[in-house]
Amino acid sequence: MIEVKKEGILLSKTDFAFENEAVLNPATIREGDNVHVFYRAVRNGNNSTIGYCRLDGPLTISERWEKPFMVPEFDYELQGVEDPRIVKIDDMYYLTYTGYDGTNARGAYATSKNLMKFKKRGLIVPHITYARFVSLVEKAGKVNQNYYHNHNFYYQEGDPEEKILLWDKNVVFFPRRINGNLVFLHRIRPGIQLVSVKSLNELTKEFWHEYFMNFQDHIVMDPVYEHELNYIGSGCPPIETEHGWLLIYHGVQDTDKGLVYSACAAALLDLDDPRKEIARLPYVLFTPEYKWEVKGEVNNVVFPTGTALFGDTLYIYYGAADTHIAVASLSLSALLAELLTCVKIEI
């Protein structure tokens, strides 16, 4: 078992109007000795913006804005810009987030050259109804039936004929091009999928039609173990190591306490073809245990979305009970050594 240290709460809500209900699910990126934190800030009424703070080292707050860093501007994000992640590829920062319009939650992105001024580029996931997705995936065949047995989730309210769009969230870029391509993970329940393109301009209606007709080829991971059996989702941006891409993700289990969100260490994914899973821990990395993780806006949640590496210590920044931002730390080398004991054997 990996020794994980809970460092405690890093950020909580304030009296400022834009974050007076909760703060959670931060994007983090290290630059020099600083960690830049872009976090989901929720005001009363469940409207989300993105806040900003800067850390000196992994844990010391040196600057925190008193106003939102990014706010909703377009119809697809009318009720919230949520759950950001960030990476730098070449000389460009890519900030991905979920745009929520009050009904549909879909992945979007923005870019920046300097971390401070971002230009929104729009949705990055397909504009497709859930019904159309089901039709295409059923035709594709060889796909886990849980991908198209989510009717209770999509049609739990209102008219079952309503054209509810496919929820496609947790968009996370790999922090460099792979074989010349931009590569990102995204999440259509219950697993994690991957897109690889030379240019994001390739993401046309025709591209997505072909993608779904060959959907099985794009699934990186599906739930396997009990602690992730309901669904999983890409969490922190992948970390490149000599053994493969390290992916820290979230897994969800339905228990007698309701849904429990845990932090998991998937995987080593192949460096050249990250659709290939090399290893996955069979147990949770860490799970809700402290008061601030067990009780909140949503109970029993640890939701990892960012990391920063200082020496051999990997700091994991996560949403705690959808109310606070907290930090856990562990030895990266110890985690990799443990993962290497779980390498899949090809038959």
# chains A, B, ... in the order shown; residues from 1 in each chain; ligands from 1
call {"tool": "select_by_dssp", "arguments": {"residues": "stretch 111-227 of chain A", "states": "helix (DSSP H, G or I)", "output": "PyMOL selection string"}}
result
chain A and resi 130-140+145-148+151-154+200-202+205-213+215-218+226-227
call {"tool": "closest_atom_pairs", "arguments": {"of": "stretch 78-103 of chain A", "to": "stretch 233-252 of chain A", "cutoff": "10 Å", "atoms": "only C-alpha atoms", "output": "Markdown table"}}
result
| residue | atom | partner | partner_atom | distance |
| --- | --- | --- | --- | --- |
| A:Asp83 | CA | A:Gly235 | CA | 9.8 |
| A:Pro84 | CA | A:Cys236 | CA | 9.9 |
| A:Arg85 | CA | A:Pro237 | CA | 7.1 |
| A:Ile86 | CA | A:Pro237 | CA | 7.3 |
| A:Val87 | CA | A:Pro237 | CA | 7.0 |
call {"tool": "select_by_dssp", "arguments": {"residues": "stretch 81-156 of chain A", "states": "strand (DSSP E)", "output": "ChimeraX atom specification"}}
result
/A:81-89,92-100,105-112,119-123
call {"tool": "write_last_selection", "arguments": {"atoms": "N, CA and C atoms", "output": "PDB file, in the first residue's frame"}}
result
ATOM      1  N   VAL A  81     -18.924  27.710 -15.390  1.00  0.00           N
ATOM      2  CA  VAL A  81     -17.658  27.192 -15.897  1.00  0.00           C
ATOM      3  C   VAL A  81     -17.063  26.415 -14.726  1.00  0.00           C
ATOM      4  N   GLU A  82     -16.869  25.117 -14.920  1.00  0.00           N
ATOM      5  CA  GLU A  82     -16.653  24.209 -13.802  1.00  0.00           C
ATOM      6  C   GLU A  82     -15.419  23.329 -14.013  1.00  0.00           C
ATOM      7  N   ASP A  83     -14.831  22.900 -12.899  1.00  0.00           N
ATOM      8  CA  ASP A  83     -13.864  21.796 -12.840  1.00  0.00           C
ATOM      9  C   ASP A  83     -12.729  21.900 -13.847  1.00  0.00           C
ATOM     10  N   PRO A  84     -11.918  22.973 -13.783  1.00  0.00           N
ATOM     11  CA  PRO A  84     -10.850  23.157 -14.771  1.00  0.00           C
ATOM     12  C   PRO A  84      -9.677  22.200 -14.570  1.00  0.00           C
ATOM     13  N   ARG A  85      -8.933  21.971 -15.652  1.00  0.00           N
ATOM     14  CA  ARG A  85      -7.610  21.335 -15.644  1.00  0.00           C
ATOM     15  C   ARG A  85      -6.714  22.164 -16.551  1.00  0.00           C
ATOM     16  N   ILE A  86      -5.403  22.068 -16.344  1.00  0.00           N
ATOM     17  CA  ILE A  86      -4.507  22.879 -17.159  1.00  0.00           C
ATOM     18  C   ILE A  86      -3.217  22.135 -17.450  1.00  0.00           C
ATOM     19  N   VAL A  87      -2.703  22.338 -18.678  1.00  0.00           N
ATOM     20  CA  VAL A  87      -1.386  21.848 -19.071  1.00  0.00           C
ATOM     21  C   VAL A  87      -0.740  22.892 -19.970  1.00  0.00           C
ATOM     22  N   LYS A  88       0.558  22.740 -20.179  1.00  0.00           N
ATOM     23  CA  LYS A  88       1.275  23.546 -21.161  1.00  0.00           C
ATOM     24  C   LYS A  88       1.798  22.618 -22.242  1.00  0.00           C
ATOM     25  N   ILE A  89       1.466  22.908 -23.488  1.00  0.00           N
ATOM     26  CA  ILE A  89       1.945  22.136 -24.638  1.00  0.00           C
ATOM     27  C   ILE A  89       2.686  23.088 -25.557  1.00  0.00           C
ATOM     28  N   MET A  92       2.037  26.970 -25.372  1.00  0.00           N
ATOM     29  CA  MET A  92       0.639  27.345 -25.167  1.00  0.00           C
ATOM     30  C   MET A  92       0.056  26.623 -23.950  1.00  0.00           C
ATOM     31  N   TYR A  93      -0.659  27.371 -23.115  1.00  0.00           N
ATOM     32  CA  TYR A  93      -1.393  26.779 -22.001  1.00  0.00           C
ATOM     33  C   TYR A  93      -2.806  26.429 -22.470  1.00  0.00           C
ATOM     34  N   TYR A  94      -3.238  25.227 -22.118  1.00  0.00           N
ATOM     35  CA  TYR A  94      -4.586  24.772 -22.440  1.00  0.00           C
ATOM     36  C   TYR A  94      -5.355  24.577 -21.127  1.00  0.00           C
ATOM     37  N   LEU A  95      -6.386  25.356 -20.945  1.00  0.00           N
ATOM     38  CA  LEU A  95      -7.255  25.240 -19.779  1.00  0.00           C
ATOM     39  C   LEU A  95      -8.567  24.602 -20.243  1.00  0.00           C
ATOM     40  N   THR A  96      -8.833  23.393 -19.773  1.00  0.00           N
ATOM     41  CA  THR A  96     -10.096  22.730 -20.112  1.00  0.00           C
ATOM     42  C   THR A  96     -11.035  22.850 -18.919  1.00  0.00           C
ATOM     43  N   TYR A  97     -12.326  22.856 -19.217  1.00  0.00           N
ATOM     44  CA  TYR A  97     -13.326  22.984 -18.155  1.00  0.00           C
ATOM     45  C   TYR A  97     -14.656  22.448 -18.653  1.00  0.00           C
ATOM     46  N   THR A  98     -15.592  22.299 -17.751  1.00  0.00           N
ATOM     47  CA  THR A  98     -16.945  21.878 -18.114  1.00  0.00           C
ATOM     48  C   THR A  98     -17.843  23.098 -18.220  1.00  0.00           C
ATOM     49  N   GLY A  99     -18.472  23.241 -19.367  1.00  0.00           N
ATOM     50  CA  GLY A  99     -19.474  24.278 -19.537  1.00  0.00           C
ATOM     51  C   GLY A  99     -20.839  23.693 -19.209  1.00  0.00           C
ATOM     52  N   TYR A 100     -21.565  24.342 -18.278  1.00  0.00           N
ATOM     53  CA  TYR A 100     -22.877  23.847 -17.844  1.00  0.00           C
ATOM     54  C   TYR A 100     -23.930  24.888 -18.165  1.00  0.00           C
ATOM     55  N   ALA A 105     -23.899  19.274 -19.557  1.00  0.00           N
ATOM     56  CA  ALA A 105     -22.531  19.514 -19.095  1.00  0.00           C
ATOM     57  C   ALA A 105     -21.565  18.951 -20.131  1.00  0.00           C
ATOM     58  N   ARG A 106     -20.755  19.848 -20.727  1.00  0.00           N
ATOM     59  CA  ARG A 106     -19.882  19.419 -21.826  1.00  0.00           C
ATOM     60  C   ARG A 106     -18.524  20.112 -21.735  1.00  0.00           C
ATOM     61  N   GLY A 107     -17.509  19.415 -22.213  1.00  0.00           N
ATOM     62  CA  GLY A 107     -16.144  19.908 -22.128  1.00  0.00           C
ATOM     63  C   GLY A 107     -15.861  21.055 -23.086  1.00  0.00           C
ATOM     64  N   ALA A 108     -15.172  22.072 -22.586  1.00  0.00           N
ATOM     65  CA  ALA A 108     -14.766  23.235 -23.380  1.00  0.00           C
ATOM     66  C   ALA A 108     -13.312  23.547 -23.047  1.00  0.00           C
ATOM     67  N   TYR A 109     -12.723  24.492 -23.810  1.00  0.00           N
ATOM     68  CA  TYR A 109     -11.332  24.827 -23.518  1.00  0.00           C
ATOM     69  C   TYR A 109     -11.028  26.273 -23.872  1.00  0.00           C
ATOM     70  N   ALA A 110      -9.931  26.756 -23.269  1.00  0.00           N
ATOM     71  CA  ALA A 110      -9.416  28.093 -23.534  1.00  0.00           C
ATOM     72  C   ALA A 110      -7.905  28.004 -23.595  1.00  0.00           C
ATOM     73  N   THR A 111      -7.258  28.956 -24.272  1.00  0.00           N
ATOM     74  CA  THR A 111      -5.801  28.929 -24.418  1.00  0.00           C
ATOM     75  C   THR A 111      -5.193  30.260 -24.001  1.00  0.00           C
ATOM     76  N   SER A 112      -3.907  30.201 -23.653  1.00  0.00           N
ATOM     77  CA  SER A 112      -3.189  31.400 -23.214  1.00  0.00           C
ATOM     78  C   SER A 112      -1.701  31.229 -23.480  1.00  0.00           C
ATOM     79  N   LYS A 119      -8.132  32.914 -23.918  1.00  0.00           N
ATOM     80  CA  LYS A 119      -9.148  33.081 -24.954  1.00  0.00           C
ATOM     81  C   LYS A 119      -9.967  31.801 -25.041  1.00  0.00           C
ATOM     82  N   LYS A 120     -11.274  31.924 -24.836  1.00  0.00           N
ATOM     83  CA  LYS A 120     -12.138  30.761 -24.937  1.00  0.00           C
ATOM     84  C   LYS A 120     -12.248  30.317 -26.392  1.00  0.00           C
ATOM     85  N   ARG A 121     -12.113  28.997 -26.597  1.00  0.00           N
ATOM     86  CA  ARG A 121     -12.156  28.429 -27.940  1.00  0.00           C
ATOM     87  C   ARG A 121     -13.427  27.636 -28.211  1.00  0.00           C
ATOM     88  N   GLY A 122     -14.284  27.491 -27.206  1.00  0.00           N
ATOM     89  CA  GLY A 122     -15.552  26.810 -27.406  1.00  0.00           C
ATOM     90  C   GLY A 122     -15.541  25.370 -26.930  1.00  0.00           C
ATOM     91  N   LEU A 123     -16.614  24.657 -27.239  1.00  0.00           N
ATOM     92  CA  LEU A 123     -16.743  23.256 -26.865  1.00  0.00           C
ATOM     93  C   LEU A 123     -15.749  22.404 -27.647  1.00  0.00           C
TER      94      LEU A 123
END
call {"tool": "closest_residue", "arguments": {"among": "A:Val220, A:Leu332, A:Ser12, A:Leu166", "to": "A:Phe310", "atoms": "only C-alpha atoms"}}
result
A:Leu332
call {"tool": "residues_around", "arguments": {"residues": "stretch 23-28 of chain A", "least_positions_apart": "4", "cutoff": "8 Å", "atoms": "only C-alpha atoms", "output": "number ranges by chain"}}
result
A: 11-13, 19, 35-42, 83-86, 303-308, 317-320, 322-325
call {"tool": "write_last_selection", "arguments": {"atoms": "N, CA and C atoms", "output": "PDB file, in the first residue's frame"}}
result
ATOM      1  N   LEU A  11      -7.965  25.610   0.581  1.00  0.00           N
ATOM      2  CA  LEU A  11      -8.854  26.751   0.327  1.00  0.00           C
ATOM      3  C   LEU A  11     -10.272  26.403   0.743  1.00  0.00           C
ATOM      4  N   SER A  12     -10.965  27.396   1.302  1.00  0.00           N
ATOM      5  CA  SER A  12     -12.378  27.272   1.619  1.00  0.00           C
ATOM      6  C   SER A  12     -13.116  28.469   1.046  1.00  0.00           C
ATOM      7  N   LYS A  13     -14.435  28.419   1.102  1.00  0.00           N
ATOM      8  CA  LYS A  13     -15.238  29.523   0.593  1.00  0.00           C
ATOM      9  C   LYS A  13     -14.949  30.794   1.390  1.00  0.00           C
ATOM     10  N   GLU A  19     -17.859  33.228  -4.522  1.00  0.00           N
ATOM     11  CA  GLU A  19     -17.433  31.959  -3.920  1.00  0.00           C
ATOM     12  C   GLU A  19     -17.964  31.813  -2.497  1.00  0.00           C
ATOM     13  N   VAL A  35       3.012  27.514  -7.656  1.00  0.00           N
ATOM     14  CA  VAL A  35       1.933  26.693  -8.202  1.00  0.00           C
ATOM     15  C   VAL A  35       0.751  27.624  -8.450  1.00  0.00           C
ATOM     16  N   HIS A  36       0.297  27.665  -9.689  1.00  0.00           N
ATOM     17  CA  HIS A  36      -0.869  28.469 -10.046  1.00  0.00           C
ATOM     18  C   HIS A  36      -2.103  27.573  -9.941  1.00  0.00           C
ATOM     19  N   VAL A  37      -3.120  28.081  -9.258  1.00  0.00           N
ATOM     20  CA  VAL A  37      -4.322  27.308  -8.965  1.00  0.00           C
ATOM     21  C   VAL A  37      -5.536  28.017  -9.559  1.00  0.00           C
ATOM     22  N   PHE A  38      -6.223  27.328 -10.442  1.00  0.00           N
ATOM     23  CA  PHE A  38      -7.461  27.826 -11.049  1.00  0.00           C
ATOM     24  C   PHE A  38      -8.578  26.896 -10.569  1.00  0.00           C
ATOM     25  N   TYR A  39      -9.492  27.424  -9.788  1.00  0.00           N
ATOM     26  CA  TYR A  39     -10.437  26.543  -9.104  1.00  0.00           C
ATOM     27  C   TYR A  39     -11.888  26.921  -9.381  1.00  0.00           C
ATOM     28  N   ARG A  40     -12.738  25.946  -9.227  1.00  0.00           N
ATOM     29  CA  ARG A  40     -14.180  26.183  -9.362  1.00  0.00           C
ATOM     30  C   ARG A  40     -14.688  26.902  -8.120  1.00  0.00           C
ATOM     31  N   ALA A  41     -15.307  28.050  -8.347  1.00  0.00           N
ATOM     32  CA  ALA A  41     -15.868  28.865  -7.266  1.00  0.00           C
ATOM     33  C   ALA A  41     -17.386  28.916  -7.451  1.00  0.00           C
ATOM     34  N   VAL A  42     -18.124  28.564  -6.413  1.00  0.00           N
ATOM     35  CA  VAL A  42     -19.575  28.461  -6.519  1.00  0.00           C
ATOM     36  C   VAL A  42     -20.230  29.502  -5.616  1.00  0.00           C
ATOM     37  N   ASP A  83     -14.831  22.900 -12.899  1.00  0.00           N
ATOM     38  CA  ASP A  83     -13.864  21.796 -12.840  1.00  0.00           C
ATOM     39  C   ASP A  83     -12.729  21.900 -13.847  1.00  0.00           C
ATOM     40  N   PRO A  84     -11.918  22.973 -13.783  1.00  0.00           N
ATOM     41  CA  PRO A  84     -10.850  23.157 -14.771  1.00  0.00           C
ATOM     42  C   PRO A  84      -9.677  22.200 -14.570  1.00  0.00           C
ATOM     43  N   ARG A  85      -8.933  21.971 -15.652  1.00  0.00           N
ATOM     44  CA  ARG A  85      -7.610  21.335 -15.644  1.00  0.00           C
ATOM     45  C   ARG A  85      -6.714  22.164 -16.551  1.00  0.00           C
ATOM     46  N   ILE A  86      -5.403  22.068 -16.344  1.00  0.00           N
ATOM     47  CA  ILE A  86      -4.507  22.879 -17.159  1.00  0.00           C
ATOM     48  C   ILE A  86      -3.217  22.135 -17.450  1.00  0.00           C
ATOM     49  N   PHE A 303     -11.927  14.320  -5.081  1.00  0.00           N
ATOM     50  CA  PHE A 303     -12.008  14.448  -6.530  1.00  0.00           C
ATOM     51  C   PHE A 303     -10.726  15.106  -7.034  1.00  0.00           C
ATOM     52  N   PRO A 304      -9.713  14.299  -7.412  1.00  0.00           N
ATOM     53  CA  PRO A 304      -8.404  14.850  -7.779  1.00  0.00           C
ATOM     54  C   PRO A 304      -8.407  15.473  -9.169  1.00  0.00           C
ATOM     55  N   THR A 305      -7.854  16.693  -9.276  1.00  0.00           N
ATOM     56  CA  THR A 305      -7.864  17.397 -10.560  1.00  0.00           C
ATOM     57  C   THR A 305      -6.533  18.069 -10.895  1.00  0.00           C
ATOM     58  N   GLY A 306      -5.581  18.110  -9.964  1.00  0.00           N
ATOM     59  CA  GLY A 306      -4.310  18.759 -10.257  1.00  0.00           C
ATOM     60  C   GLY A 306      -3.184  18.198  -9.407  1.00  0.00           C
ATOM     61  N   THR A 307      -1.955  18.330  -9.914  1.00  0.00           N
ATOM     62  CA  THR A 307      -0.779  17.878  -9.172  1.00  0.00           C
ATOM     63  C   THR A 307       0.335  18.910  -9.293  1.00  0.00           C
ATOM     64  N   ALA A 308       1.320  18.793  -8.411  1.00  0.00           N
ATOM     65  CA  ALA A 308       2.577  19.532  -8.525  1.00  0.00           C
ATOM     66  C   ALA A 308       3.664  18.644  -7.922  1.00  0.00           C
ATOM     67  N   TYR A 317      -3.948  17.849  -5.623  1.00  0.00           N
ATOM     68  CA  TYR A 317      -4.938  18.844  -5.212  1.00  0.00           C
ATOM     69  C   TYR A 317      -6.317  18.320  -5.608  1.00  0.00           C
ATOM     70  N   TYR A 318      -7.255  18.386  -4.668  1.00  0.00           N
ATOM     71  CA  TYR A 318      -8.533  17.741  -4.927  1.00  0.00           C
ATOM     72  C   TYR A 318      -9.696  18.495  -4.264  1.00  0.00           C
ATOM     73  N   GLY A 319     -10.870  18.289  -4.838  1.00  0.00           N
ATOM     74  CA  GLY A 319     -12.086  18.790  -4.213  1.00  0.00           C
ATOM     75  C   GLY A 319     -12.504  17.850  -3.105  1.00  0.00           C
ATOM     76  N   ALA A 320     -12.880  18.414  -1.958  1.00  0.00           N
ATOM     77  CA  ALA A 320     -13.283  17.625  -0.797  1.00  0.00           C
ATOM     78  C   ALA A 320     -14.749  17.912  -0.487  1.00  0.00           C
ATOM     79  N   ASP A 322     -17.116  18.468  -2.320  1.00  0.00           N
ATOM     80  CA  ASP A 322     -17.621  19.566  -3.157  1.00  0.00           C
ATOM     81  C   ASP A 322     -17.744  20.870  -2.377  1.00  0.00           C
ATOM     82  N   THR A 323     -16.859  21.056  -1.388  1.00  0.00           N
ATOM     83  CA  THR A 323     -16.955  22.225  -0.510  1.00  0.00           C
ATOM     84  C   THR A 323     -15.624  22.923  -0.328  1.00  0.00           C
ATOM     85  N   HIS A 324     -14.546  22.177  -0.201  1.00  0.00           N
ATOM     86  CA  HIS A 324     -13.209  22.705   0.049  1.00  0.00           C
ATOM     87  C   HIS A 324     -12.248  22.203  -1.028  1.00  0.00           C
ATOM     88  N   ILE A 325     -11.063  22.814  -1.049  1.00  0.00           N
ATOM     89  CA  ILE A 325      -9.927  22.298  -1.810  1.00  0.00           C
ATOM     90  C   ILE A 325      -8.898  21.823  -0.804  1.00  0.00           C
TER      91      ILE A 325
END
call {"tool": "closest_residue", "arguments": {"among": "A:Val172, A:Val125, A:Ala279, A:Ile188", "to": "A:Val137", "atoms": "only C-alpha atoms"}}
result
A:Ile188
call {"tool": "residues_around", "arguments": {"residues": "A:Phe286", "least_positions_apart": "3", "cutoff": "7 Å", "atoms": "only C-alpha atoms", "output": "list in words"}}
result
Ser262, Ala263 and Cys264 of chain A
call {"tool": "write_last_selection", "arguments": {"atoms": "C-alpha atoms", "output": "CSV table (one decimal), in the first residue's frame"}}
result
chain,number,residue,atom,x,y,z
A,262,SER,CA,-12.2,8.1,-4.4
A,263,ALA,CA,-8.8,9.0,-5.8
A,264,CYS,CA,-7.3,6.2,-7.8
